[in-house]
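Colleague: Take this structure, written in structure tokens, and hold onto it; I'll ask about it next.
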Amino acid sequence: MDFTSEQRLDDGVLEREFTLGEIPGILWTPETASASAPVPLILLGHPPLGLRKMYPRLAGRAQQAAADGFAAATIELPGSGDRPRWAAAEQARADLRRAMEAGEPVGDEIIDALILPLVEKSVPEWQAALDVLLSLPEIGGPVGYSGGVISIGIRLAVVEPRIVAAGFFAGSFVPTTMFEEARRVTIPLHVLLQWDDEGNDRQAALDLFDAFGSKEKTLHANMGGHTGVPQFAGEEAAGFFARHLR
């Protein structure tokens, strides 16, 4: 990991951009983080829109995590942002846009092409980033995963034992095969569902929640569309991680 820039935000949070091979990322650590008092870590997931576009929301989430005493980190997804273009992903996104603009149902073939290769490519990268992040003296774990493409979170929850709790946003397309993986998830889950999300199949989101194998799983459903998440929903998610990472 090579740190490429550093700045201290207004609330004292240290923000450092880094590269891990060809993968850009950002690490935020609170003032309390030190070699003598390492802090837990939250991995911040995000949609494949590019870190630059997602930065304001990611930084806000990271500052909330820091206020609760946690470090936070994110990495650029394959084919997004400044990373090399990925022809298959570009085609899948174009097919998705075409179907949605035509008012047609988004079929399993499009969803599989859009999500499954992204999961296969990105999960090992998240794990490689986690290896390096946990080697830093100011970060000691445990680790949580928050938001982003829910299928990536499902796969990480299944294969990565260092992640002990996860917060999911039930708002992205989920391949049918991921439901079987969801049954193998056992860590505590906090799932946020916007009841009137324009791009989300509500029943599919409820079915996925039902499929999760976790003994502790909580569904927080709020009225409103994709961008209408109430402020208190974020506070409840923060409380979830406070319970499980401290």
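Following the order of the structure tokens, chains are lettered A, B, ..., residues in each are numbered from 1, and ligands are numbered from 1.
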Any idea what's packed within 9 Å of Gly81 in chain A, counting only C-alpha atoms, ignoring anything in its chain fewer than 4 positions away? Could you give it as a ChimeraX atom specification?

Modeller: /A:48-53,76-77,85

Colleague: Could you turn the residues from that selection into a file that holds all heavy atoms, as a short mmCIF file (atom, residue, chain, number, x, y, z; two decimals), in the first residue's frame?

Modeller:
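Dumped to selection-v9.cif:
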data_model
loop_
_atom_site.label_atom_id
_atom_site.label_comp_id
_atom_site.auth_asym_id
_atom_site.auth_seq_id
_atom_site.Cartn_x
_atom_site.Cartn_y
_atom_site.Cartn_z
N PRO A 48 -20.96 1.08 -8.27
CA PRO A 48 -19.86 1.26 -9.23
C PRO A 48 -20.00 2.55 -10.03
O PRO A 48 -20.09 2.54 -11.27
CB PRO A 48 -19.98 0.02 -10.12
CG PRO A 48 -21.42 -0.35 -10.07
CD PRO A 48 -21.89 0.00 -8.69
N LEU A 49 -19.97 3.68 -9.33
CA LEU A 49 -20.10 4.99 -9.97
C LEU A 49 -18.79 5.78 -9.91
O LEU A 49 -18.73 6.89 -10.46
CB LEU A 49 -21.21 5.80 -9.29
CG LEU A 49 -22.61 5.18 -9.32
CD1 LEU A 49 -23.59 6.03 -8.52
CD2 LEU A 49 -23.09 5.03 -10.76
N GLY A 50 -17.77 5.24 -9.24
CA GLY A 50 -16.50 5.93 -9.13
C GLY A 50 -16.35 6.62 -7.79
O GLY A 50 -17.29 7.25 -7.29
N LEU A 51 -15.16 6.53 -7.19
CA LEU A 51 -14.92 7.13 -5.89
C LEU A 51 -15.09 8.64 -5.92
O LEU A 51 -15.55 9.23 -4.94
CB LEU A 51 -13.51 6.79 -5.40
CG LEU A 51 -13.27 5.36 -4.88
CD1 LEU A 51 -11.85 5.22 -4.36
CD2 LEU A 51 -14.27 5.01 -3.79
N ARG A 52 -14.69 9.29 -7.00
CA ARG A 52 -14.80 10.74 -7.05
C ARG A 52 -16.26 11.16 -6.95
O ARG A 52 -16.61 12.11 -6.23
CB ARG A 52 -14.19 11.29 -8.34
CG ARG A 52 -12.71 11.00 -8.48
CD ARG A 52 -11.89 11.56 -7.34
NE ARG A 52 -10.52 11.06 -7.35
CZ ARG A 52 -9.69 11.12 -6.33
NH1 ARG A 52 -10.10 11.66 -5.19
NH2 ARG A 52 -8.47 10.65 -6.41
N LYS A 53 -17.13 10.49 -7.68
CA LYS A 53 -18.55 10.84 -7.64
C LYS A 53 -19.15 10.50 -6.28
O LYS A 53 -20.02 11.23 -5.78
CB LYS A 53 -19.29 10.10 -8.75
CG LYS A 53 -20.75 10.48 -8.86
CD LYS A 53 -21.39 9.89 -10.11
CE LYS A 53 -22.83 10.35 -10.26
NZ LYS A 53 -23.45 9.82 -11.50
N GLU A 76 -11.72 1.51 -4.92
CA GLU A 76 -12.43 1.66 -6.19
C GLU A 76 -12.80 0.28 -6.72
O GLU A 76 -12.00 -0.66 -6.67
CB GLU A 76 -11.53 2.37 -7.20
CG GLU A 76 -12.21 2.75 -8.49
CD GLU A 76 -13.21 3.89 -8.31
OE1 GLU A 76 -12.80 5.05 -8.39
OE2 GLU A 76 -14.41 3.56 -8.09
N LEU A 77 -14.02 0.15 -7.24
CA LEU A 77 -14.46 -1.12 -7.80
C LEU A 77 -13.86 -1.33 -9.20
O LEU A 77 -13.53 -0.37 -9.90
CB LEU A 77 -15.98 -1.16 -7.88
CG LEU A 77 -16.71 -1.19 -6.53
CD1 LEU A 77 -18.21 -1.11 -6.74
CD2 LEU A 77 -16.35 -2.44 -5.73
N ARG A 85 -11.16 0.62 -18.16
CA ARG A 85 -12.52 0.26 -18.56
C ARG A 85 -12.64 -1.25 -18.67
O ARG A 85 -11.70 -1.96 -19.04
CB ARG A 85 -12.86 0.88 -19.91
CG ARG A 85 -12.89 2.40 -19.93
CD ARG A 85 -13.97 2.97 -19.02
NE ARG A 85 -13.44 3.24 -17.68
CZ ARG A 85 -14.17 3.53 -16.62
NH1 ARG A 85 -15.49 3.56 -16.73
NH2 ARG A 85 -13.62 3.77 -15.46
#

Colleague: Per residue of range 87-146 of chain A within 12 Å of range 187-208 of chain A, record the nearest atom pair and its distance in Å to one decimal, counting only C-alpha atoms, with rows in chain order and ascending residue number, as CSV.

Modeller:
residue,atom,partner,partner_atom,distance
A:Leu96,CA,A:Gly199,CA,11.0
A:Arg97,CA,A:Gly199,CA,11.2
A:Ala99,CA,A:Gly199,CA,11.9
A:Met100,CA,A:Gly199,CA,8.8
A:Glu101,CA,A:Gly199,CA,11.6
A:Gly103,CA,A:Gly199,CA,11.4
A:Pro105,CA,A:Asp201,CA,10.5
A:Val106,CA,A:Gly199,CA,10.1
A:Val143,CA,A:Ile187,CA,11.5
A:Gly144,CA,A:Pro188,CA,10.0
A:Tyr145,CA,A:Leu189,CA,9.8
A:Ser146,CA,A:His190,CA,9.2

Colleague: Go ahead and save the picked residues with C-alpha atoms, as a PDB file, in the first residue's frame.

Modeller:
ATOM      1  CA  LEU A  96     -29.624  -2.431 -17.937  1.00  0.00           C
ATOM      2  CA  ARG A  97     -30.171   1.206 -18.939  1.00  0.00           C
ATOM      3  CA  ALA A  99     -34.289  -2.153 -20.345  1.00  0.00           C
ATOM      4  CA  MET A 100     -35.129   0.424 -17.681  1.00  0.00           C
ATOM      5  CA  GLU A 101     -35.607   3.266 -20.176  1.00  0.00           C
ATOM      6  CA  GLY A 103     -39.918   0.170 -19.109  1.00  0.00           C
ATOM      7  CA  PRO A 105     -38.445  -5.958 -16.723  1.00  0.00           C
ATOM      8  CA  VAL A 106     -34.759  -6.445 -15.948  1.00  0.00           C
ATOM      9  CA  VAL A 143     -14.147  -5.371  11.064  1.00  0.00           C
ATOM     10  CA  GLY A 144     -17.561  -4.427   9.748  1.00  0.00           C
ATOM     11  CA  TYR A 145     -18.829  -4.016   6.190  1.00  0.00           C
ATOM     12  CA  SER A 146     -21.309  -1.296   5.283  1.00  0.00           C
TER      13      SER A 146
END

Colleague: Could you check which of A:Pro117, A:Leu245, A:Met1, A:Ala35 is closest to Ile139 in chain A, using only C-alpha atoms?

Modeller: A:Ala35

Colleague: Quick one: everything within 6 Å of Ala71 in chain A, counting only C-alpha atoms, minus sequence neighbours fewer than 5 positions away in the same chain. Send it as a PyMOL selection string.

Modeller: chain A and resi 28-29+41+66

Colleague: Give me, as a count of residues only, the residues of range 4-188 of chain A that a backbone DSSP run labels alpha helix (DSSP H).

Modeller: 74
